[in-house]
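Have a look at the structure below, then the notes.
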Amino acid sequence: MIASADERAPAGDALAPAFAAVRTRLGLVALLFVAAGVGWWWTIGEMQDMDGGPWTDLGTLAWFVGVWVVMMAAMMFPSVAPTVALYSRMTRSRAPLAPVLFTVGYLVSWTAVGVAAFAVARAAGGISTDVLAWDRAGRWVAGATLVVAAVYELTPLKDVCLGKCRSPLGFLLGSWREGPAGGLQMGIRHGGWCIGCCWVLMASLFALGVMSIVWMAFVAGLIAFEKLIPLRRAATYGTAGVLLVVGVLLLASPETIPWLTIPGSGDMSQMNQMSP
């Protein structure tokens with residue numbers, strides 16, 4: 001079997017052009033990190049005392065989509081910064097606004113995921129209002145979601161999508177579109193590859209508590225780990241191992257998982273009740 005170009009290259013080579021661009025576009029990268037920091041700050045304030053544990057109620061569509069967009073900016077901007085920096089370096093003389101539109105397009109893709117997640121949650125609630133209650137199917141579906149996420153980490157589809165995320169230069173050259181509109185299209189397409197790479201991690205966030213800052217940081221850390229460390233196989237196998245362990249603990253002994261809010265539990269060290 002012939003190995004992919006990313007696998008044949010020495011560790012980290014696929015990311016080398018992006019990291020070189022980061023060094024020359026420090027202002028843009030700093031701006032993305034500041035935006036991510038603002039997103040974390042706003043999300044922490046907005047979601048205070050709202051962690052209801054696995055399958056937390058999502059509220060209204062407008063409120064949830066607003067929170068979701070800020071969450072995606074907070075979680076994704078650090079790991080997508082090398083790609084945006086490289087794209088900015090490649091377009092700086094022809095379309096200075098293109099990197100901004102690239103980032104907007106990236107968020108558009110993830111916004112669509114948030115809307116789809118809300119629709120699925122509402123459809124499930126329409127079938128049965130308590131089907132995902134912790135003492136019914138909720139615990140088992142949450143644990144199974146983490147196990148499925150671990151298995152997906154080792155599939156060919158995940159490998160292809162992660163390859164696009166870990167090889168920014170290859171993605172940009174293979175999907176090039178000129179001008180600001182092209183930047184928007186490329187951002188949407190890059191977001192699509194990122195969704196293919198990370199959708200099970202986002203499903204895991206819902207299974208652990210989408211309104212939990214701790215689990216939000218946990219998933220964001222896994223995403224950055226997969227996309228940015230030099231050893232690609234170590235990234236996927238390491239992430240799969242972590243997800244599998246958490247999934248098995250959810251099924252067998254959820255009370256042993258730190259920071260997990262267990263719905264209906266009277267242990268206030270494990271959960272925060274919503275304010276009246």
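Quick note on naming: the chains in the structure tokens go A, B, ... in the order shown, residues restart at 1 in each chain, and ligands are numbered from 1 in order of appearance.
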
Handout entry: Close residues, Ser79 (chain A) itself excluded, 10 Å, only C-alpha atoms, min 2 positions apart in chain, as a VMD selection string
Key = chain A and resid 32 to 33 75 to 77 81 to 84 165 to 166 220 to 221 223 to 228

Residues from last step as file, all heavy atoms, as a compact mmCIF listing (two decimals), in the first residue's frame:
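Output saved as again-v9.txt:
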```txt
# COMPACT_ATOMS: atom_id res chain seq x y z
N LEU A 32 -6.57 36.51 16.30
CA LEU A 32 -7.41 35.31 16.42
C LEU A 32 -7.41 34.79 17.85
O LEU A 32 -8.45 34.37 18.37
CB LEU A 32 -6.92 34.23 15.46
CG LEU A 32 -7.17 34.48 13.98
CD1 LEU A 32 -6.46 33.43 13.12
CD2 LEU A 32 -8.67 34.47 13.66
N PHE A 33 -6.26 34.82 18.50
CA PHE A 33 -6.19 34.35 19.88
C PHE A 33 -6.93 35.30 20.82
O PHE A 33 -7.57 34.85 21.78
CB PHE A 33 -4.74 34.18 20.32
CG PHE A 33 -4.18 32.82 20.01
CD1 PHE A 33 -3.74 32.50 18.72
CD2 PHE A 33 -4.10 31.84 20.98
CE1 PHE A 33 -3.24 31.25 18.42
CE2 PHE A 33 -3.60 30.58 20.70
CZ PHE A 33 -3.17 30.27 19.42
N MET A 75 -13.26 27.87 20.72
CA MET A 75 -12.65 26.55 20.66
C MET A 75 -11.77 26.34 19.43
O MET A 75 -10.75 25.66 19.49
CB MET A 75 -13.74 25.47 20.68
CG MET A 75 -14.55 25.41 21.97
SD MET A 75 -15.95 24.27 21.87
CE MET A 75 -15.11 22.69 21.78
N MET A 76 -12.16 26.92 18.30
CA MET A 76 -11.53 26.60 17.02
C MET A 76 -10.48 27.58 16.54
O MET A 76 -9.57 27.20 15.80
CB MET A 76 -12.61 26.46 15.94
CG MET A 76 -13.59 25.34 16.19
SD MET A 76 -12.75 23.73 16.20
CE MET A 76 -14.16 22.63 16.29
N PHE A 77 -10.58 28.86 16.93
CA PHE A 77 -9.64 29.84 16.40
C PHE A 77 -8.18 29.50 16.68
O PHE A 77 -7.32 29.68 15.80
CB PHE A 77 -9.99 31.23 16.92
CG PHE A 77 -11.09 31.92 16.15
CD1 PHE A 77 -11.76 31.26 15.14
CD2 PHE A 77 -11.45 33.23 16.44
CE1 PHE A 77 -12.78 31.89 14.43
CE2 PHE A 77 -12.45 33.86 15.73
CZ PHE A 77 -13.12 33.19 14.72
N ALA A 81 -5.72 28.93 13.42
CA ALA A 81 -4.87 30.10 13.21
C ALA A 81 -3.72 29.86 12.22
O ALA A 81 -3.45 30.72 11.38
CB ALA A 81 -4.31 30.60 14.56
N PRO A 82 -3.01 28.70 12.28
CA PRO A 82 -1.93 28.49 11.29
C PRO A 82 -2.44 28.51 9.85
O PRO A 82 -1.76 29.04 8.96
CB PRO A 82 -1.37 27.12 11.67
CG PRO A 82 -1.68 26.97 13.13
CD PRO A 82 -3.02 27.62 13.30
N THR A 83 -3.61 27.93 9.60
CA THR A 83 -4.15 27.93 8.24
C THR A 83 -4.50 29.35 7.79
O THR A 83 -4.21 29.75 6.66
CB THR A 83 -5.40 27.03 8.17
OG1 THR A 83 -5.05 25.72 8.58
CG2 THR A 83 -5.96 26.99 6.75
N VAL A 84 -5.15 30.11 8.66
CA VAL A 84 -5.51 31.49 8.32
C VAL A 84 -4.25 32.33 8.10
O VAL A 84 -4.19 33.15 7.17
CB VAL A 84 -6.39 32.10 9.42
CG1 VAL A 84 -6.71 33.56 9.11
CG2 VAL A 84 -7.69 31.32 9.58
N CYS A 165 -6.85 19.08 7.49
CA CYS A 165 -6.63 20.05 8.56
C CYS A 165 -5.15 20.19 8.91
O CYS A 165 -4.69 21.27 9.26
CB CYS A 165 -7.41 19.64 9.81
SG CYS A 165 -9.20 19.71 9.62
N ARG A 166 -4.40 19.09 8.80
CA ARG A 166 -2.99 19.09 9.19
C ARG A 166 -2.05 19.47 8.05
O ARG A 166 -0.85 19.57 8.25
CB ARG A 166 -2.61 17.71 9.74
CG ARG A 166 -3.22 17.40 11.11
CD ARG A 166 -2.80 16.01 11.57
NE ARG A 166 -1.36 15.87 11.61
CZ ARG A 166 -0.60 16.18 12.68
NH1 ARG A 166 -1.16 16.63 13.78
NH2 ARG A 166 0.70 16.00 12.65
N ALA A 220 -11.94 21.17 23.20
CA ALA A 220 -11.06 22.10 22.48
C ALA A 220 -9.61 21.64 22.55
O ALA A 220 -8.86 21.74 21.57
CB ALA A 220 -11.20 23.51 23.05
N GLY A 221 -9.20 21.12 23.71
CA GLY A 221 -7.85 20.61 23.85
C GLY A 221 -7.58 19.42 22.96
O GLY A 221 -6.51 19.30 22.35
N ILE A 223 -9.08 18.77 20.14
CA ILE A 223 -9.04 19.26 18.75
C ILE A 223 -7.67 19.85 18.43
O ILE A 223 -7.06 19.55 17.39
CB ILE A 223 -10.16 20.29 18.52
CG1 ILE A 223 -11.53 19.60 18.54
CG2 ILE A 223 -9.96 21.03 17.19
CD1 ILE A 223 -12.70 20.56 18.58
N ALA A 224 -7.17 20.70 19.32
CA ALA A 224 -5.85 21.30 19.10
C ALA A 224 -4.76 20.24 19.10
O ALA A 224 -3.83 20.29 18.29
CB ALA A 224 -5.58 22.36 20.18
N PHE A 225 -4.86 19.27 20.00
CA PHE A 225 -3.89 18.17 20.08
C PHE A 225 -3.82 17.41 18.76
O PHE A 225 -2.73 17.15 18.23
CB PHE A 225 -4.31 17.25 21.23
CG PHE A 225 -3.46 16.01 21.37
CD1 PHE A 225 -2.18 16.08 21.88
CD2 PHE A 225 -3.96 14.76 21.01
CE1 PHE A 225 -1.39 14.94 22.02
CE2 PHE A 225 -3.19 13.61 21.16
CZ PHE A 225 -1.91 13.70 21.66
N GLU A 226 -4.97 17.09 18.21
CA GLU A 226 -5.01 16.34 16.95
C GLU A 226 -4.42 17.13 15.78
O GLU A 226 -3.74 16.58 14.93
CB GLU A 226 -6.45 15.99 16.59
CG GLU A 226 -7.02 14.83 17.34
CD GLU A 226 -8.30 14.33 16.72
OE1 GLU A 226 -8.98 15.10 16.02
OE2 GLU A 226 -8.62 13.16 16.94
N LYS A 227 -4.71 18.41 15.74
CA LYS A 227 -4.36 19.20 14.56
C LYS A 227 -2.94 19.74 14.58
O LYS A 227 -2.38 20.01 13.51
CB LYS A 227 -5.34 20.38 14.42
CG LYS A 227 -6.75 19.95 14.05
CD LYS A 227 -7.62 21.16 13.80
CE LYS A 227 -9.01 20.76 13.35
NZ LYS A 227 -9.87 21.94 13.05
N LEU A 228 -2.36 19.90 15.76
CA LEU A 228 -1.13 20.66 15.85
C LEU A 228 0.10 19.89 16.29
O LEU A 228 1.21 20.34 16.03
CB LEU A 228 -1.33 21.86 16.78
CG LEU A 228 -2.42 22.86 16.36
CD1 LEU A 228 -2.56 23.95 17.40
CD2 LEU A 228 -2.14 23.45 14.99
```

Per-residue nearest contacts region 88-140 of chain A to region 231-252 of chain A, cut-off 12 Å, using only C-alpha atoms, as CSV:
```
residue,atom,partner,partner_atom,distance
A:Trp134,CA,A:Leu250,CA,11.1
A:Ala137,CA,A:Leu251,CA,11.1
A:Gly138,CA,A:Leu251,CA,10.3
A:Arg139,CA,A:Leu251,CA,6.7
A:Trp140,CA,A:Leu251,CA,6.1
```

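When only C-alpha atoms are used to measure the gap to Pro180 (chain A), the shortest distance among A:Ala98, A:Val200, A:Cys194, A:Ala121 belongs to A:Ala98.
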
Test item: residues at most 6 Å from Asp51 (chain A), only C-alpha atoms, excluding those fewer than 2 positions along its chain, as a list in words: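 Here the qualifying residues turn out to be Asp49, Gly53, Met211 and Ser212 of chain A.
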
Generate the output file for the selected residues, N, CA, C and O atoms, as an mmCIF file, in the first residue's frame.
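In the end it all went to selection20.cif:
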```
data_model
loop_
_atom_site.group_PDB
_atom_site.id
_atom_site.type_symbol
_atom_site.label_atom_id
_atom_site.label_comp_id
_atom_site.auth_asym_id
_atom_site.auth_seq_id
_atom_site.Cartn_x
_atom_site.Cartn_y
_atom_site.Cartn_z
ATOM 1 N N ASP A 49 -23.469 28.518 35.832
ATOM 2 C CA ASP A 49 -24.524 27.756 36.516
ATOM 3 C C ASP A 49 -25.553 27.141 35.567
ATOM 4 O O ASP A 49 -26.685 26.878 35.959
ATOM 5 N N GLY A 53 -25.396 18.841 32.777
ATOM 6 C CA GLY A 53 -24.868 17.509 32.518
ATOM 7 C C GLY A 53 -25.163 17.046 31.107
ATOM 8 O O GLY A 53 -25.492 17.839 30.219
ATOM 9 N N MET A 211 -23.069 22.778 28.040
ATOM 10 C CA MET A 211 -22.981 24.043 28.761
ATOM 11 C C MET A 211 -21.893 24.022 29.833
ATOM 12 O O MET A 211 -21.846 24.905 30.689
ATOM 13 N N SER A 212 -21.031 23.026 29.807
ATOM 14 C CA SER A 212 -19.957 22.925 30.786
ATOM 15 C C SER A 212 -18.667 23.520 30.228
ATOM 16 O O SER A 212 -18.168 23.082 29.188
#
```

Counting only C-alpha atoms, closest pick from A:Val100, A:Met90, A:Val115, A:Met71 relative to Trp215 (chain A) is A:Met71

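Of the listed residues A:Thr155, A:Leu61, A:Leu146, A:Tyr106, the one whose atoms come nearest to Ala119 (chain A) is A:Leu61, with distances taken using only C-alpha atoms.
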
Give the alpha helix (DSSP H) residues of region 81-245 of chain A, as assigned by DSSP on the backbone, as a PyMOL selection string. chain A and resi 81-91+98-127+139-152+156-166+168-174+179-208+213-228+232-245

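Distance check against Ala149 (chain A) using only C-alpha atoms: of A:Thr111, A:Ser204, A:Thr103, A:Gln185, the minimum falls on A:Ser204.
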
Inset, instruction - Considering only C-alpha atoms, return as a list in words whatever protein or nucleic-acid residues lie within 12 Å of Trp176 (chain A), sequence-local ones (same chain, fewer than 3 positions apart) excluded. - result: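 With the cut-off at 12 Å, the set is Tyr87, Met90, Thr91, Ala98, Phe102, Pro168, Leu169, Gly170, Phe171, Leu172, Leu173, Gly179, Pro180, Ala181, Gly182, Gly183, Leu184, Gln185, Met186, Gly187, Arg189 and His190 of chain A.
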
query: CA of Phe206 (chain A) and CA of Thr145 (chain A), how far apart in Å?
result: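 If I compute the distance from CA of Thr145 (chain A) to CA of Phe206 (chain A), I get 9.3 Å.
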
Handout entry: Pick from A:Val131, A:Val22, A:Val34, A:Leu58, whichever lies nearest to Ser88 (chain A) using only C-alpha atoms
Key =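 Among the listed residues, the smallest separation from Ser88 (chain A) belongs to A:Val22.
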